[in-house]
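Engineer: One structure coming up, written as structure tokens, with questions to follow.
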Amino acid sequence: MKAICIREFDYSEIEVSEVPDPSPKNGEVKVQIAAAGVNYVDLLYCRGKHQNNRSLVRPLFVLGLEFAGTVIEAPPNTIFSPGDRVFGGALGGYAEFISVQATALQHIPAQWDFVSAAGLGATAPVSYGALVIRGGLQKKETVLIHAAAGGLGLTAVQIAKAMGAKVIATASSQEKLDVATKFGADACVNYTGNTHWWEKVMSLTGGKGVDLVYDSVGLVGDSLKCLKWKGRILVIGFAGREGNLENVAMNRVLLKQAHIIGYRYGMTDREDPAETAKIWKGLSDLLERGHLRPTVFERDYRGLANVVDALQDLSQRRVWGKAVIRIDHGKQKSLL
């Protein structure tokens with residue numbers, strides 16, 4: 001099959017390779033991939049810059065974390081059957097086929113297509129797990145969502161609104177702020193055009209500050225300046241830091257009596273399957289009630305050869321929502 005196989009940590013060497021088709025083992029389900037979501041983590045993985053690259057993800061490996069497609073093989077003891085439309089989150093998404101444990105898959109909602117669903121598997125559970133499970137977001141609370149027009153951010157905006165919260169969104173351009181507004185944000189702040197953006201947040205909250213911060217960028221220090229007393233900050237990632245992690249003044253944490261909460265869905269999924277099941281139960285309910293909409297970026301990335309272009313667009317902050325690779329199987333027909 002064709003796949004984006006990382007043979008060494010070198011971004012410039014990414015190309016489409018021919019690799020053996022995966023053979024299902026130990027109860028795995030085999031999926032023919034129709035579309036794959038693009039994530040910032042992919043940029044880190046292919047350069048060896050992610051913490052997982054120290055032990056869990058080493059060359060050789062197939063890049064990509066999110067996908068959607070059709071089940072072509074499934075053991076009888078699972079809820080899946082050949083022909084089922086599914087989406088999932090697992091390493092190996094930039095390929096024509098993938099074999100994964102059934103727990104990594106979900107059925108695609110009837111009203112969603114493959115491209116729309118391809119961006120759910122690795123982003124939706126992060127935002128739900130962080131906001132609802134770890135952050136304990138409550139109705140009528142105010143949440144500040146950084147990078148709100150990104151794949152994680154737009155999902156977070158929608159989940160927060162579904163929970164009855166007020167959303168203040170940040171982004172790096174007016175275009176992206178407009179996107180966040182379209183998906184439900186109540187107010188927006190440009191954190192690159194306004195070097196003291198936290199003052200705007202304080203103004204929007206009547207000087208009280210926000211109850212909860214969702215930070216996938218690396219803005220804990222500045223977010224403390226607009227956090228309510230005894231507020232919570234969710235640390236999701238450091239996409240804006242390029243490996244240079246921030247130093248937080250701990251006296252500010254003490255004075256605000258702030259709760260700083262780290263959230264890493266991948267570890268939760270490995271260590272606490274019961275919590276993963278709880279997350280997907282909540283997400284399934286939101287999907288069924290129509291509270292989550294597709295966040296697919298407008299550019300058409302067709303074929304695995306366009307993975308590099310998609311990653312470059314992502315690294316240059318040109319993408320809002322979710323860039324998606326449409327997998328071209330050529331003349332090959334479905335194996336069903």
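Each chain in the structure tokens gets a letter, A, B, ..., in the order shown, and its residues are numbered from 1; ligands are numbered from 1 in order too.
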Env of Ala156 (chain A): 12 Å cut, atoms = only C-alpha atoms, seq-sep filter 4 positions within chain, self excluded. Answer as a PyMOL selection string.

Structural biologist: chain A and resi 120+123-132+135+137+143-152+160-163+165-169+180+183-185+213-216+234+236+283+291-293+295+321

Engineer: Within 10 Å of region 109-113 of chain A, counting only C-alpha atoms, which residues qualify if same-chain residues fewer than 2 places away don't, as a list in words?

Structural biologist: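 Once the nearby chain positions are removed, what remains is Ala34, Ala35, Ala68, Gly69, Arg85, Val86, Phe87, Gln106, His107, Val115, Ser116, Ala117, Ala118, Ser284, Leu287, Glu288, Gly290, Arg293 and Pro294 of chain A.
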
Engineer: Please report, as a tab-separated table, each residue of region 2-79 of chain A lying at most 6 Å from region 90-94 of chain A, together with the nearest pair of atoms and the separation in Å rounded to one decimal; use only C-alpha atoms, and order rows by chain and ascending residue number.

Structural biologist:
residue	atom	partner	partner_atom	distance
A:Ala3	CA	A:Tyr94	CA	5.7
A:Ile4	CA	A:Tyr94	CA	5.6
A:Ala36	CA	A:Gly93	CA	5.9
A:Val62	CA	A:Gly92	CA	4.5
A:Leu63	CA	A:Gly92	CA	5.2
A:Gly64	CA	A:Gly93	CA	4.2
A:Leu65	CA	A:Leu91	CA	4.7
A:Glu66	CA	A:Gly93	CA	5.5
A:Phe67	CA	A:Gly93	CA	5.4

Engineer: For the residues in the current selection, export N, CA, C and O atoms as a compact mmCIF listing (two decimals), in the first residue's frame.

Structural biologist:
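See again17.txt below for the written result:
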# COMPACT_ATOMS: atom_id res chain seq x y z
N ALA A 3 1.85 4.90 1.64
CA ALA A 3 1.80 5.50 2.98
C ALA A 3 2.91 6.53 3.11
O ALA A 3 3.88 6.54 2.34
N ILE A 4 2.76 7.42 4.09
CA ILE A 4 3.82 8.35 4.46
C ILE A 4 4.59 7.70 5.60
O ILE A 4 4.14 7.70 6.75
N ALA A 36 -7.86 11.53 5.87
CA ALA A 36 -7.03 11.59 7.08
C ALA A 36 -6.89 13.04 7.54
O ALA A 36 -6.60 13.93 6.74
N VAL A 62 4.42 4.91 10.31
CA VAL A 62 3.57 5.63 9.37
C VAL A 62 2.98 6.83 10.09
O VAL A 62 2.40 6.71 11.17
N LEU A 63 3.12 8.00 9.51
CA LEU A 63 2.67 9.25 10.10
C LEU A 63 1.14 9.37 10.01
O LEU A 63 0.51 8.72 9.20
N GLY A 64 0.58 10.27 10.83
CA GLY A 64 -0.86 10.54 10.78
C GLY A 64 -1.58 9.97 11.98
O GLY A 64 -1.33 8.84 12.39
N LEU A 65 -2.50 10.76 12.55
CA LEU A 65 -3.18 10.36 13.79
C LEU A 65 -4.69 10.21 13.66
O LEU A 65 -5.32 9.65 14.55
N GLU A 66 -5.27 10.74 12.60
CA GLU A 66 -6.74 10.71 12.46
C GLU A 66 -7.12 10.20 11.09
O GLU A 66 -6.44 10.50 10.10
N PHE A 67 -8.23 9.49 11.02
CA PHE A 67 -8.64 8.94 9.73
C PHE A 67 -10.13 8.60 9.76
O PHE A 67 -10.77 8.53 10.81

Engineer: Taking the DSSP secondary structure from the backbone, can you list the residues of region 80-200 of chain A that are strand (DSSP E or B), as a list in words?

Structural biologist: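 DSSP on the backbone gives strand (DSSP E or B) at Arg85, Val86, Phe87, Gly88, Gly89, Ala95, Phe97, Ile98, Ser99, Val100, Leu105, Gln106, His107, Thr142, Val143, Leu144, Ile145, Gly150, Lys166, Val167, Ile168, Ala169, Thr170, Ala171, Ala187, Cys188, Val189 and Asn190 of chain A.
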
Engineer: Restricting it to C-alpha atoms, dump the selection as a PDB file, in the first residue's frame.

Structural biologist:
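To be explicit, this is the file written out as selection19.pdb:
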ATOM      1  CA  ARG A  85     -18.208   3.648   7.979  1.00  0.00           C
ATOM      2  CA  VAL A  86     -15.864   4.535  10.830  1.00  0.00           C
ATOM      3  CA  PHE A  87     -13.495   7.212  12.069  1.00  0.00           C
ATOM      4  CA  GLY A  88     -10.655   6.821  14.516  1.00  0.00           C
ATOM      5  CA  GLY A  89      -7.523   8.076  16.148  1.00  0.00           C
ATOM      6  CA  ALA A  95      -1.940   5.432   4.484  1.00  0.00           C
ATOM      7  CA  PHE A  97      -5.107   0.994   5.094  1.00  0.00           C
ATOM      8  CA  ILE A  98      -4.751   0.739   8.848  1.00  0.00           C
ATOM      9  CA  SER A  99      -5.312  -2.023  11.416  1.00  0.00           C
ATOM     10  CA  VAL A 100      -6.298  -0.876  14.905  1.00  0.00           C
ATOM     11  CA  LEU A 105     -12.833   3.397  16.247  1.00  0.00           C
ATOM     12  CA  GLN A 106     -16.273   5.000  16.273  1.00  0.00           C
ATOM     13  CA  HIS A 107     -19.139   4.767  13.801  1.00  0.00           C
ATOM     14  CA  THR A 142     -16.846  31.898  31.034  1.00  0.00           C
ATOM     15  CA  VAL A 143     -14.105  30.001  29.216  1.00  0.00           C
ATOM     16  CA  LEU A 144     -11.172  31.515  27.323  1.00  0.00           C
ATOM     17  CA  ILE A 145     -10.194  29.316  24.366  1.00  0.00           C
ATOM     18  CA  GLY A 150      -7.692  25.612  15.006  1.00  0.00           C
ATOM     19  CA  LYS A 166     -19.833  31.790  27.490  1.00  0.00           C
ATOM     20  CA  VAL A 167     -16.856  31.561  25.108  1.00  0.00           C
ATOM     21  CA  ILE A 168     -14.151  34.176  24.610  1.00  0.00           C
ATOM     22  CA  ALA A 169     -11.990  33.108  21.665  1.00  0.00           C
ATOM     23  CA  THR A 170      -8.459  34.157  20.768  1.00  0.00           C
ATOM     24  CA  ALA A 171      -6.760  33.809  17.389  1.00  0.00           C
ATOM     25  CA  ALA A 187     -16.508  37.369  21.863  1.00  0.00           C
ATOM     26  CA  CYS A 188     -13.104  37.376  20.192  1.00  0.00           C
ATOM     27  CA  VAL A 189      -9.639  38.794  20.882  1.00  0.00           C
ATOM     28  CA  ASN A 190      -6.663  38.990  18.502  1.00  0.00           C
TER      29      ASN A 190
END

Engineer: May I have all residues of region 13-139 of chain A that DSSP, computed from the backbone, assigns to helix (DSSP H, G or I), given as number ranges by chain?

Structural biologist: A: 13, 40-47, 51-54, 102-104, 114-117, 124-134

Engineer: Can you pull out every residue within 7 Å of Pro59 (chain A), counting only C-alpha atoms, but drop anything in the same chain fewer than 4 positions away, and send it as a list in words?

Structural biologist: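 Everything that qualifies: Ile6, Arg7 and Glu8 of chain A.
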
Engineer: Excluding Met267 (chain A) and its own-chain neighbours fewer than 2 positions away, which residues fall within 12 Å of it when counting only C-alpha atoms? Please give them as a count of residues only.

Structural biologist: 16

Engineer: Using CA of Lys182 (chain A) and CA of Val157 (chain A) as the two end points, give the distance in Å to one decimal.

Structural biologist: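 The value is 10.3 Å.
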